[in-house]
Structures are given as structure tokens and as C-alpha cells.
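> Sharing protein_3.cif (mmCIF, C-alpha atoms) below.
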data_input
loop_
_atom_site.group_PDB
_atom_site.id
_atom_site.type_symbol
_atom_site.label_atom_id
_atom_site.label_comp_id
_atom_site.auth_asym_id
_atom_site.auth_seq_id
_atom_site.Cartn_x
_atom_site.Cartn_y
_atom_site.Cartn_z
ATOM 1 C CA MET A 1 -65.633 30.869 -31.373
ATOM 2 C CA LEU A 2 -64.379 30.487 -27.813
ATOM 3 C CA ARG A 3 -65.053 33.287 -25.449
ATOM 4 C CA TYR A 4 -62.778 34.351 -22.647
ATOM 5 C CA ASP A 5 -64.112 33.234 -19.300
ATOM 6 C CA PRO A 6 -62.107 34.758 -16.442
ATOM 7 C CA LEU A 7 -63.420 32.327 -13.813
ATOM 8 C CA VAL A 8 -62.291 29.251 -15.732
ATOM 9 C CA SER A 9 -58.904 30.707 -16.543
ATOM 10 C CA VAL A 10 -58.290 31.582 -12.887
ATOM 11 C CA LEU A 11 -59.233 28.076 -11.735
ATOM 12 C CA ASP A 12 -57.121 26.385 -14.401
ATOM 13 C CA TYR A 13 -54.043 28.456 -13.679
ATOM 14 C CA GLU A 14 -51.203 26.492 -12.142
ATOM 15 C CA HIS A 15 -48.428 28.335 -10.399
ATOM 16 C CA PRO A 16 -44.955 27.519 -11.795
ATOM 17 C CA SER A 17 -43.727 26.333 -8.402
ATOM 18 C CA ASN A 18 -46.474 23.670 -8.281
ATOM 19 C CA ARG A 19 -45.764 22.176 -11.704
ATOM 20 C CA ASN A 20 -43.091 19.817 -10.463
ATOM 21 C CA ARG A 21 -44.682 19.028 -7.115
ATOM 22 C CA ALA A 22 -45.695 15.496 -8.140
ATOM 23 C CA ALA A 23 -42.232 14.715 -9.476
ATOM 24 C CA ARG A 24 -40.643 16.151 -6.337
ATOM 25 C CA ASN A 25 -42.934 14.086 -4.100
ATOM 26 C CA ASP A 26 -42.090 10.943 -6.086
ATOM 27 C CA ALA A 27 -38.381 11.634 -5.691
ATOM 28 C CA ILE A 28 -38.723 12.250 -1.958
ATOM 29 C CA GLY A 29 -40.750 9.061 -1.587
ATOM 30 C CA LEU A 30 -38.152 7.050 -3.511
ATOM 31 C CA ILE A 31 -35.257 8.444 -1.470
ATOM 32 C CA LEU A 32 -37.071 7.729 1.809
ATOM 33 C CA ALA A 33 -38.028 4.211 0.675
ATOM 34 C CA LEU A 34 -34.444 3.392 -0.293
ATOM 35 C CA THR A 35 -33.224 4.796 3.020
ATOM 36 C CA ALA A 36 -35.759 2.675 4.905
ATOM 37 C CA VAL A 37 -34.727 -0.487 3.028
ATOM 38 C CA GLY A 38 -31.062 0.250 3.720
ATOM 39 C CA LEU A 39 -31.785 0.859 7.399
ATOM 40 C CA SER A 40 -33.754 -2.389 7.654
ATOM 41 C CA LEU A 41 -31.016 -4.405 5.982
ATOM 42 C CA THR A 42 -28.438 -2.760 8.246
ATOM 43 C CA GLY A 43 -30.480 -3.868 11.254
ATOM 44 C CA HIS A 44 -30.453 -7.433 9.919
ATOM 45 C CA VAL A 45 -26.688 -7.396 9.342
ATOM 46 C CA VAL A 46 -25.936 -5.917 12.777
ATOM 47 C CA SER A 47 -28.185 -8.491 14.453
ATOM 48 C CA ALA A 48 -26.602 -11.367 12.571
ATOM 49 C CA VAL A 49 -23.036 -10.198 13.253
ATOM 50 C CA PHE A 50 -23.593 -9.795 16.990
ATOM 51 C CA ALA A 51 -25.540 -13.054 17.237
ATOM 52 C CA ALA A 52 -22.631 -14.819 15.559
ATOM 53 C CA ASP A 53 -20.544 -14.156 18.699
ATOM 54 C CA LEU A 54 -21.805 -17.497 19.972
ATOM 55 C CA ARG A 55 -19.408 -19.211 17.566
ATOM 56 C CA PHE A 56 -16.597 -18.464 20.027
ATOM 57 C CA ALA A 57 -18.297 -20.243 22.948
ATOM 58 C CA PRO A 58 -16.563 -23.491 23.967
ATOM 59 C CA ARG A 59 -18.163 -26.605 22.533
ATOM 60 C CA GLY A 60 -20.742 -28.222 24.824
ATOM 61 C CA SER A 61 -20.993 -25.352 27.330
ATOM 62 C CA VAL A 62 -24.131 -23.976 28.942
ATOM 63 C CA ILE A 63 -24.919 -20.426 27.845
ATOM 64 C CA ARG A 64 -27.160 -17.621 29.066
ATOM 65 C CA PRO A 65 -26.526 -14.607 26.779
ATOM 66 C CA MET A 66 -28.841 -12.122 28.504
ATOM 67 C CA ALA A 67 -26.853 -9.005 27.597
ATOM 68 C CA LEU A 68 -26.606 -10.162 23.984
ATOM 69 C CA LEU A 69 -30.358 -10.754 23.793
ATOM 70 C CA ALA A 70 -31.069 -7.349 25.360
ATOM 71 C CA PHE A 71 -28.773 -5.646 22.835
ATOM 72 C CA LEU A 72 -30.389 -7.520 19.951
ATOM 73 C CA GLY A 73 -33.806 -6.520 21.276
ATOM 74 C CA PHE A 74 -32.794 -2.852 21.333
ATOM 75 C CA VAL A 75 -31.417 -3.112 17.791
ATOM 76 C CA ALA A 76 -34.669 -4.726 16.644
ATOM 77 C CA LEU A 77 -36.774 -2.111 18.425
ATOM 78 C CA GLY A 78 -34.816 0.792 16.952
ATOM 79 C CA THR A 79 -34.929 -0.721 13.493
ATOM 80 C CA ALA A 80 -38.665 -1.300 13.771
ATOM 81 C CA ILE A 81 -39.435 2.242 14.920
ATOM 82 C CA ALA A 82 -37.217 3.937 12.331
ATOM 83 C CA GLY A 83 -38.287 1.578 9.530
ATOM 84 C CA LEU A 84 -41.987 2.043 10.237
ATOM 85 C CA ILE A 85 -41.671 5.814 10.336
ATOM 86 C CA LEU A 86 -39.571 6.084 7.172
ATOM 87 C CA GLY A 87 -41.678 3.497 5.341
ATOM 88 C CA SER A 88 -44.970 5.174 6.159
ATOM 89 C CA ILE A 89 -43.667 8.629 5.209
ATOM 90 C CA SER A 90 -42.340 7.278 1.910
ATOM 91 C CA LEU A 91 -45.726 5.663 1.258
ATOM 92 C CA MET A 92 -47.381 9.042 1.776
ATOM 93 C CA TYR A 93 -45.011 10.859 -0.577
ATOM 94 C CA GLY A 94 -44.695 8.249 -3.308
ATOM 95 C CA ARG A 95 -48.151 6.714 -3.384
ATOM 96 C CA ARG A 96 -48.530 7.437 -7.117
ATOM 97 C CA ARG A 97 -45.630 5.192 -8.136
ATOM 98 C CA ARG A 98 -45.884 1.445 -7.757
ATOM 99 C CA SER A 99 -42.131 0.932 -7.285
ATOM 100 C CA VAL A 100 -42.033 3.341 -4.341
ATOM 101 C CA CYS A 101 -45.005 1.589 -2.757
ATOM 102 C CA VAL A 102 -43.346 -1.810 -3.157
ATOM 103 C CA LEU A 103 -40.049 -0.559 -1.714
ATOM 104 C CA ALA A 104 -41.763 1.162 1.202
ATOM 105 C CA SER A 105 -43.907 -1.877 1.994
ATOM 106 C CA SER A 106 -40.925 -4.210 1.848
ATOM 107 C CA SER A 107 -38.945 -1.881 4.106
ATOM 108 C CA VAL A 108 -41.763 -1.949 6.653
ATOM 109 C CA LEU A 109 -41.804 -5.752 6.574
ATOM 110 C CA LEU A 110 -38.005 -5.989 6.757
ATOM 111 C CA SER A 111 -37.822 -3.555 9.655
ATOM 112 C CA LEU A 112 -39.976 -5.859 11.786
ATOM 113 C CA THR A 113 -37.781 -8.972 11.461
ATOM 114 C CA PRO A 114 -34.170 -8.346 12.650
ATOM 115 C CA PHE A 115 -34.785 -10.196 15.917
ATOM 116 C CA LEU A 116 -35.935 -13.243 13.950
ATOM 117 C CA THR A 117 -32.715 -13.113 11.942
ATOM 118 C CA SER A 118 -30.620 -12.961 15.092
ATOM 119 C CA ASN A 119 -32.530 -15.903 16.600
ATOM 120 C CA LEU A 120 -31.933 -17.922 13.443
ATOM 121 C CA VAL A 121 -28.184 -17.221 13.558
ATOM 122 C CA MET A 122 -27.993 -17.990 17.297
ATOM 123 C CA ASP A 123 -29.860 -21.266 16.871
ATOM 124 C CA TYR A 124 -27.480 -22.237 14.084
ATOM 125 C CA PHE A 125 -24.400 -21.710 16.249
ATOM 126 C CA VAL A 126 -26.023 -23.366 19.269
ATOM 127 C CA THR A 127 -26.712 -26.544 17.310
ATOM 128 C CA ARG A 128 -23.365 -26.447 15.490
ATOM 129 C CA ASN A 129 -21.331 -26.108 18.683
ATOM 130 C CA GLY A 130 -23.554 -28.335 20.824
ATOM 131 C CA LEU A 131 -24.362 -25.538 23.267
ATOM 132 C CA THR A 132 -27.141 -25.725 25.827
ATOM 133 C CA TRP A 133 -29.399 -22.849 26.834
ATOM 134 C CA ALA A 134 -29.439 -22.313 30.621
ATOM 135 C CA ASP A 135 -32.770 -22.430 32.413
#
Would you mind writing the structure in this file as C-alpha cells?

Amino acid sequence: MLRYDPLVSVLDYEHPSNRNRAARNDAIGLILALTAVGLSLTGHVVSAVFAADLRFAPRGSVIRPMALLAFLGFVALGTAIAGLILGSISLMYGRRRRSVCVLASSSVLLSLTPFLTSNLVMDYFVTRNGLTWAD
């Protein structure tokens, strides 16, 4: 027959507010990971749209888009900072679920590459229009 042991019952007791803590942390991690992925993709789209302004440059002209490159650098920097913060927080909250970890890791990687996307789009329009970068 089992005897009542007060020490074991006190240690095994789980407060009702803590019962759903793991599920709540998983939900917070998933929401933050999806937000970070959306923010990273928004950074890519904004960079590509503004870099596509070179399509309006006259064919064969010499270009020096310093303000455009500075703006794209600020967009990339902001996306990287926000994406790294949101991705790392979502990794902390949702580390038990593999899908949250994959989403958070991909958001961190995506948040670091908007400037590469803008350079790819600019190089496309430079070669298509026969533009020349100024020295």
C-alpha cells in the first residue's frame, strides 16, 4: 500500500497557471518567428523595389547612385538588427519545436541578405541598360 509522503506531493505539485507555460512559449516563439520571416522578406522586397529604380536611367549613361546605396544600406542594417533580435528571441521561446527553430534560423539568415538582393537587382539593370558605374 502506498503511503502519503508530504514532501513528494509538495514537489510534484504544479500550479494551474504553469500547466500551459510550454504551450504558451511555443506559441510566442512561433508568432515571433513568423514575424521575423515576414520582416526579412519585407526587407528583401523593399531593397529590390528601390534598386529597380535604375531601370529608368537612360541607356548607356554613367551612374553613381550614392544616395540609393546609402538608403539600401540603412534598410539592410535595420532588417539585420530587427531580424537577429526577433529570430534569437523566437529561438529562446520555441526551442522545443523543430518548426519554430527552422523558421527562426531561416529568418536570421534572410535578415542578413537584403543588400545582396539589391546588388543583384542593380547589376541586372546595369547590364540590361548598358550603364556604367562611375569611378
> Which residue is closest to A:Tyr93? Choose from A:Ser106, A:Asn25, A:Thr117, A:Ser111 and count all atoms listed in the file.
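The closest residue to A:Tyr93 is A:Asn25.
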> Quick check on the file I pasted: which residues fall under the PyMOL selection byres ((chain A and resi 65-81) around 12)? Write them as an MDAnalysis selection string.
chainID A and resid 35:54 57 62:64 82:88 107:119 121:122 126 131:135
> With distances taken over all atoms listed in the file, which residue among A:Val102, A:Ser61, A:Gly130, A:Arg55 lies nearest A:Gly29?
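Residue with the minimum atom-to-atom distance to A:Gly29: A:Val102.
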> To one decimal place in Å, what is the distance between atom CA of A:Ile89 and atom CA of A:Leu30?
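Pair atom CA of A:Ile89 / atom CA of A:Leu30 returns 10.4 Å.
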> Quick check, in Å to one decimal: how far apart do atom CA of A:Val100 and atom CA of A:Asn20 lie?
17.6 Å
> Given the PyMOL selection byres ((chain A and resi 99) around 12) and the file above, list the residues it selects as a list in words.
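Taken over the shown coordinates, the PyMOL selection byres ((chain A and resi 99) around 12) returns Asp26, Ala27, Gly29, Leu30, Ile31, Ala33, Leu34, Ser90, Leu91, Gly94, Arg95, Arg96, Arg97, Arg98, Val100, Cys101, Val102, Leu103, Ala104, Ser105 and Ser106 of chain A.
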> Adding 3 Å on each side of the box along x, y and z that holds all listed atoms of stretch 102-117 of chain A, could you give its centre and edge lengths in Å to one decimal, as AutoDock Vina command-line options?

--center_x -38.3 --center_y -6.0 --center_z 6.4 --size_x 17.2 --size_y 20.4 --size_z 25.1
> For C-alpha atoms, please extract stretch 6-123 of chain A from the block and return it as a compact mmCIF listing (two decimals), in the first residue's frame.

# COMPACT_ATOMS: atom_id res chain seq x y z
CA PRO A 6 4.05 15.16 2.07
CA LEU A 7 7.49 16.09 0.70
CA VAL A 8 6.95 14.27 -2.59
CA SER A 9 3.45 15.62 -3.04
CA VAL A 10 4.66 19.19 -2.48
CA LEU A 11 7.47 18.80 -5.01
CA ASP A 12 5.22 17.19 -7.61
CA TYR A 13 2.53 19.83 -7.33
CA GLU A 14 2.20 22.01 -10.40
CA HIS A 15 0.39 25.29 -10.13
CA PRO A 16 -2.51 25.62 -12.62
CA SER A 17 -1.00 28.76 -14.15
CA ASN A 18 2.17 26.83 -15.08
CA ARG A 19 0.42 23.95 -16.84
CA ASN A 20 0.21 25.70 -20.18
CA ARG A 21 3.54 27.51 -19.96
CA ALA A 22 5.22 25.26 -22.55
CA ALA A 23 2.34 25.65 -24.99
CA ARG A 24 2.32 29.41 -24.45
CA ASN A 25 6.08 29.63 -25.02
CA ASP A 26 5.74 27.59 -28.23
CA ALA A 27 3.01 29.92 -29.47
CA ILE A 28 5.05 33.01 -28.65
CA GLY A 29 8.08 31.52 -30.39
CA LEU A 30 6.03 30.68 -33.48
CA ILE A 31 4.49 34.16 -33.66
CA LEU A 32 7.90 35.82 -33.27
CA ALA A 33 9.47 33.51 -35.88
CA LEU A 34 6.73 34.26 -38.40
CA THR A 35 7.08 37.97 -37.69
CA ALA A 36 10.85 37.76 -38.21
CA VAL A 37 10.44 35.90 -41.52
CA GLY A 38 7.89 38.47 -42.69
CA LEU A 39 10.17 41.33 -41.69
CA SER A 40 13.12 39.75 -43.51
CA LEU A 41 11.11 39.20 -46.67
CA THR A 42 9.81 42.76 -46.46
CA GLY A 43 13.40 43.99 -46.31
CA HIS A 44 14.18 41.98 -49.45
CA VAL A 45 11.16 43.36 -51.32
CA VAL A 46 11.88 46.97 -50.31
CA SER A 47 15.52 46.61 -51.36
CA ALA A 48 14.59 45.09 -54.70
CA VAL A 49 11.92 47.71 -55.45
CA PHE A 50 14.21 50.65 -54.71
CA ALA A 51 17.14 49.07 -56.55
CA ALA A 52 14.90 48.66 -59.58
CA ASP A 53 14.85 52.47 -59.95
CA LEU A 54 17.90 52.06 -62.18
CA ARG A 55 15.59 50.80 -64.93
CA PHE A 56 14.63 54.42 -65.61
CA ALA A 57 18.22 55.57 -66.21
CA PRO A 58 18.94 56.45 -69.86
CA ARG A 59 20.63 53.67 -71.80
CA GLY A 60 24.44 53.91 -71.85
CA SER A 61 24.76 56.60 -69.16
CA VAL A 62 27.30 56.75 -66.35
CA ILE A 63 25.73 56.35 -62.92
CA ARG A 64 26.79 56.97 -59.33
CA PRO A 65 23.78 56.14 -57.11
CA MET A 66 25.31 57.07 -53.75
CA ALA A 67 22.05 58.09 -52.07
CA LEU A 68 20.38 54.90 -53.31
CA LEU A 69 23.20 52.75 -51.95
CA ALA A 70 23.11 54.57 -48.60
CA PHE A 71 19.34 54.03 -48.35
CA LEU A 72 19.71 50.35 -49.25
CA GLY A 73 22.45 50.03 -46.64
CA PHE A 74 20.18 51.51 -43.97
CA VAL A 75 17.36 49.17 -44.99
CA ALA A 76 19.74 46.20 -44.80
CA LEU A 77 21.10 47.32 -41.43
CA GLY A 78 17.64 47.79 -39.94
CA THR A 79 16.46 44.46 -41.30
CA ALA A 80 19.53 42.71 -39.93
CA ILE A 81 19.19 44.19 -36.44
CA ALA A 82 15.44 43.55 -36.16
CA GLY A 83 15.68 40.10 -37.75
CA LEU A 84 18.51 38.98 -35.48
CA ILE A 85 16.71 40.18 -32.37
CA LEU A 86 13.35 38.64 -33.28
CA GLY A 87 14.96 35.42 -34.53
CA SER A 88 17.04 34.91 -31.41
CA ILE A 89 14.10 35.64 -29.10
CA SER A 90 11.91 33.20 -31.03
CA LEU A 91 14.66 30.58 -30.76
CA MET A 92 14.67 31.06 -26.99
CA TYR A 93 10.90 30.72 -26.67
CA GLY A 94 10.29 27.94 -29.17
CA ARG A 95 13.38 25.79 -28.78
CA ARG A 96 11.28 22.68 -28.08
CA ARG A 97 9.61 22.68 -31.50
CA ARG A 98 11.62 21.92 -34.61
CA SER A 99 9.42 24.03 -36.91
CA VAL A 100 9.94 27.14 -34.79
CA CYS A 101 13.69 26.56 -34.77
CA VAL A 102 13.75 26.18 -38.55
CA LEU A 103 11.65 29.32 -39.07
CA ALA A 104 13.74 31.34 -36.64
CA SER A 105 17.02 30.18 -38.17
CA SER A 106 15.81 30.93 -41.69
CA SER A 107 14.64 34.38 -40.59
CA VAL A 108 18.09 35.10 -39.16
CA LEU A 109 19.72 34.05 -42.44
CA LEU A 110 17.21 36.01 -44.53
CA SER A 111 17.63 39.13 -42.43
CA LEU A 112 21.33 39.26 -43.28
CA THR A 113 20.93 39.28 -47.08
CA PRO A 114 18.74 42.20 -48.31
CA PHE A 115 21.78 44.15 -49.50
CA LEU A 116 22.83 41.18 -51.63
CA THR A 117 19.36 41.12 -53.18
CA SER A 118 19.54 44.81 -54.00
CA ASN A 119 23.00 44.38 -55.55
CA LEU A 120 21.70 41.54 -57.69
CA VAL A 121 18.79 43.65 -58.95
CA MET A 122 21.05 46.66 -59.60
CA ASP A 123 23.56 44.56 -61.52
